[in-house]
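To keep things clear, I will list the structure first and then write my remarks on it.
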Amino acid sequence: MKVLYFAWVRNAVGTGQEDLQPPAEVGTVQQLLDWLADRSAGHGEALADRARIRVAVNQAFAAPEDPVAAGDEVAIFPPVTGG
Amino acid sequence: MIRVQETPFDPGEELAAICDGGTAIGGVCSFVGLVRDMPPGSLSAMTLEHYPGMTERMLAEIDRQAHDRWPLEASRVIHRYGRMEPGEAIVFVATASAHRQAAFESGQFLIDWLKTRAPFWKFEETADGGRWVDARTEDDDAAARWVRDRDQTIA
């Protein structure tokens, strides 16, 4: 699974991309965020307030209960501020 | 037509290009978003980060919805990324239709939706370092005005 981080989430985690193999019990976006939050202090800080986090799975916005699987591209970022 | 680019663009040239799109066009509406320095002297530059791939995908989806909802002859959406200084153009949206109402409404729809759906993030460079710009609830409210049942597909 390719996990991408953008904006201040990337700053807090310390990298823009990780190639990861989450355990089999990680089946949803919410479970992935819970698993990622324990990877480092930076991950924990970035993911502490889920109201400030948005997730895209394979480049489409995803909800906490949406599925994730090996081979997916998952992006984690703050609410967007373009325009 | 969608473009995502780092290089500057000329809003006048872009407006002229869409106006030149055929004699079925009766009206063109345009919006240009600029890097703002407010209060004056507070911002040295702004850097826009984006998610290559998803950005183009979301802009194409938003543009397709505008064409589904209004009888448009043409549309043009340009969004820059990278570092820009105050006064530079960030985003350009223009819509062309036989009548002005469709052009006005679809142009506002496009800018409202892209502000809440296109994966861009603004970082402001200031005298004390810099900060990531927070999303504004007003932008969500502006986009929500356009929600009808079938818009839920990209909600």
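Labels for the structure tokens follow display order: chains A, B, ..., residues from 1 in each chain, ligands from 1.
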Residues of chain B within 9 Å of chain A, counting only C-alpha atoms, as a VMD selection string: chain B and resid 33 to 34 48 to 51 53 to 55 57 to 58 79 90 to 92 111 to 112 114 to 123 131 to 136 154 to 155
Generate a file of the selected residues that holds N, CA and C atoms, formatted as a CSV table (one decimal), in the first residue's frame.
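What landed in result27.csv:
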```
chain,number,residue,atom,x,y,z
B,33,GLY,N,-8.5,34.4,-9.5
B,33,GLY,CA,-8.1,34.4,-8.1
B,33,GLY,C,-6.6,34.9,-8.0
B,34,LEU,N,-6.3,35.8,-7.1
B,34,LEU,CA,-5.0,36.4,-7.0
B,34,LEU,C,-4.4,36.2,-5.6
B,48,LEU,N,1.7,26.9,-3.3
B,48,LEU,CA,0.6,26.0,-3.3
B,48,LEU,C,1.1,24.6,-3.6
B,49,GLU,N,0.8,23.7,-2.7
B,49,GLU,CA,1.1,22.3,-2.9
B,49,GLU,C,-0.1,21.6,-3.4
B,50,HIS,N,0.0,20.5,-4.2
B,50,HIS,CA,-1.1,19.8,-4.7
B,50,HIS,C,-0.8,18.3,-4.8
B,51,TYR,N,-1.8,17.6,-5.1
B,51,TYR,CA,-1.8,16.1,-5.2
B,51,TYR,C,-1.9,15.7,-6.7
B,53,GLY,N,-2.3,14.2,-10.1
B,53,GLY,CA,-3.2,13.0,-10.5
B,53,GLY,C,-4.6,13.3,-9.9
B,54,MET,N,-4.7,13.3,-8.6
B,54,MET,CA,-6.1,13.6,-8.0
B,54,MET,C,-6.5,15.0,-8.4
B,55,THR,N,-5.6,15.9,-8.4
B,55,THR,CA,-6.0,17.3,-8.8
B,55,THR,C,-6.7,17.3,-10.1
B,57,ARG,N,-8.0,14.9,-11.8
B,57,ARG,CA,-9.2,14.1,-11.8
B,57,ARG,C,-10.3,14.9,-11.2
B,58,MET,N,-10.1,15.6,-10.1
B,58,MET,CA,-11.2,16.3,-9.4
B,58,MET,C,-11.6,17.5,-10.3
B,79,HIS,N,-5.4,26.2,-12.8
B,79,HIS,CA,-5.0,26.3,-11.4
B,79,HIS,C,-3.5,26.1,-11.4
B,90,ILE,N,-3.6,33.0,-9.3
B,90,ILE,CA,-3.5,31.6,-8.9
B,90,ILE,C,-4.4,30.7,-9.7
B,91,VAL,N,-5.6,31.2,-9.9
B,91,VAL,CA,-6.7,30.4,-10.5
B,91,VAL,C,-7.5,31.2,-11.5
B,92,PHE,N,-7.9,30.6,-12.6
B,92,PHE,CA,-8.8,31.2,-13.6
B,92,PHE,C,-9.9,30.3,-13.9
B,111,ILE,N,-15.9,27.7,-9.2
B,111,ILE,CA,-14.9,28.2,-8.3
B,111,ILE,C,-15.3,27.7,-6.9
B,112,ASP,N,-16.6,27.7,-6.5
B,112,ASP,CA,-17.1,27.2,-5.2
B,112,ASP,C,-16.7,25.8,-5.0
B,114,LEU,N,-14.4,23.9,-6.7
B,114,LEU,CA,-13.0,23.5,-6.7
B,114,LEU,C,-12.3,24.0,-5.4
B,115,LYS,N,-12.8,25.0,-4.7
B,115,LYS,CA,-12.2,25.4,-3.5
B,115,LYS,C,-12.4,24.4,-2.4
B,116,THR,N,-13.4,23.6,-2.5
B,116,THR,CA,-13.6,22.6,-1.4
B,116,THR,C,-13.3,21.1,-1.9
B,117,ARG,N,-13.0,20.9,-3.2
B,117,ARG,CA,-12.8,19.6,-3.7
B,117,ARG,C,-11.5,19.3,-4.3
B,118,ALA,N,-10.8,20.3,-4.9
B,118,ALA,CA,-9.6,20.1,-5.5
B,118,ALA,C,-8.4,20.1,-4.5
B,119,PRO,N,-7.6,19.1,-4.5
B,119,PRO,CA,-6.6,18.9,-3.5
B,119,PRO,C,-5.4,19.8,-3.7
B,120,PHE,N,-5.6,21.1,-3.2
B,120,PHE,CA,-4.5,22.1,-3.1
B,120,PHE,C,-4.4,22.6,-1.7
B,121,TRP,N,-3.2,23.0,-1.3
B,121,TRP,CA,-3.0,23.5,0.1
B,121,TRP,C,-2.1,24.7,0.0
B,122,LYS,N,-2.5,25.8,0.6
B,122,LYS,CA,-1.7,27.1,0.6
B,122,LYS,C,-0.8,27.2,1.8
B,123,PHE,N,0.4,27.5,1.5
B,123,PHE,CA,1.4,27.8,2.6
B,123,PHE,C,1.8,29.2,2.4
B,131,ARG,N,3.0,29.7,7.6
B,131,ARG,CA,2.0,28.8,8.2
B,131,ARG,C,1.1,28.3,7.0
B,132,TRP,N,0.5,27.1,7.3
B,132,TRP,CA,-0.4,26.5,6.4
B,132,TRP,C,-1.8,27.2,6.6
B,133,VAL,N,-2.4,27.6,5.5
B,133,VAL,CA,-3.7,28.3,5.6
B,133,VAL,C,-4.8,27.3,6.0
B,134,ASP,N,-5.6,27.7,7.0
B,134,ASP,CA,-6.7,26.8,7.4
B,134,ASP,C,-7.9,26.9,6.4
B,135,ALA,N,-8.6,25.8,6.3
B,135,ALA,CA,-9.8,25.8,5.5
B,135,ALA,C,-10.9,26.7,6.1
B,136,ARG,N,-11.7,27.3,5.3
B,136,ARG,CA,-12.7,28.2,5.8
B,136,ARG,C,-14.1,27.6,5.7
B,154,ILE,N,-19.7,13.3,-5.5
B,154,ILE,CA,-18.4,13.7,-5.2
B,154,ILE,C,-18.3,14.4,-3.9
B,155,ALA,N,-19.4,14.2,-3.1
B,155,ALA,CA,-19.4,14.8,-1.7
B,155,ALA,C,-18.4,14.0,-0.8
```
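Of all the residues in chain A, the ones DSSP labels as strand (DSSP E) from the backbone are Lys2, Val3, Leu4, Tyr5, Gln17, Glu18, Asp19, Arg54, Val55, Ala56, Val57, Ala60, Phe61, Ala62, Glu73, Val74, Ala75, Ile76 and Phe77 of chain A.
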Requested write-out: C-alpha atoms of the selected residues, as a JSON list (two decimals), in the first residue's frame:
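This went into again.json:
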```json
[["chain", "number", "residue", "atom", "x", "y", "z"],
["A", 2, "LYS", "CA", 1.28, 3.44, -0.95],
["A", 3, "VAL", "CA", 0.48, 6.09, 1.67],
["A", 4, "LEU", "CA", 0.92, 9.78, 0.74],
["A", 5, "TYR", "CA", 0.95, 12.78, 3.07],
["A", 17, "GLN", "CA", 5.30, 8.89, 1.00],
["A", 18, "GLU", "CA", 5.59, 5.48, 2.64],
["A", 19, "ASP", "CA", 5.22, 2.01, 1.17],
["A", 54, "ARG", "CA", -9.22, 14.16, 5.03],
["A", 55, "VAL", "CA", -8.46, 10.90, 3.22],
["A", 56, "ALA", "CA", -8.49, 9.87, -0.43],
["A", 57, "VAL", "CA", -8.33, 6.23, -1.56],
["A", 60, "ALA", "CA", -11.16, 9.74, -4.60],
["A", 61, "PHE", "CA", -12.36, 11.20, -1.28],
["A", 62, "ALA", "CA", -13.10, 8.45, 1.24],
["A", 73, "GLU", "CA", -2.96, 4.49, -2.97],
["A", 74, "VAL", "CA", -4.10, 6.23, 0.21],
["A", 75, "ALA", "CA", -3.53, 9.98, 0.70],
["A", 76, "ILE", "CA", -3.89, 11.75, 4.04],
["A", 77, "PHE", "CA", -4.13, 15.54, 4.16]]
```
Contact residues around Ala69 in chain A with only C-alpha atoms at 9 Å, ignoring same-chain residues under 3 positions, as a compact mmCIF listing (two decimals) with N, CA and C atoms, in the first residue's frame:
```
# COMPACT_ATOMS: atom_id res chain seq x y z
N MET A 1 0.85 -1.20 0.00
CA MET A 1 0.00 0.00 0.00
C MET A 1 0.89 1.25 0.00
N PRO A 22 0.14 -2.92 5.94
CA PRO A 22 -0.63 -3.00 7.19
C PRO A 22 -1.05 -4.44 7.46
N ALA A 24 -3.47 -7.67 8.41
CA ALA A 24 -4.71 -8.07 7.73
C ALA A 24 -5.96 -7.46 8.38
N VAL A 26 -6.46 -4.55 9.31
CA VAL A 26 -6.70 -3.17 8.86
C VAL A 26 -7.50 -3.24 7.55
N GLY A 27 -8.82 -2.99 7.64
CA GLY A 27 -9.67 -3.14 6.47
C GLY A 27 -10.41 -1.88 6.06
N THR A 28 -10.35 -0.84 6.92
CA THR A 28 -11.05 0.40 6.61
C THR A 28 -10.12 1.60 6.79
N ASP A 72 -3.69 -0.35 -2.72
CA ASP A 72 -4.34 0.96 -2.81
C ASP A 72 -3.33 2.09 -2.65
```
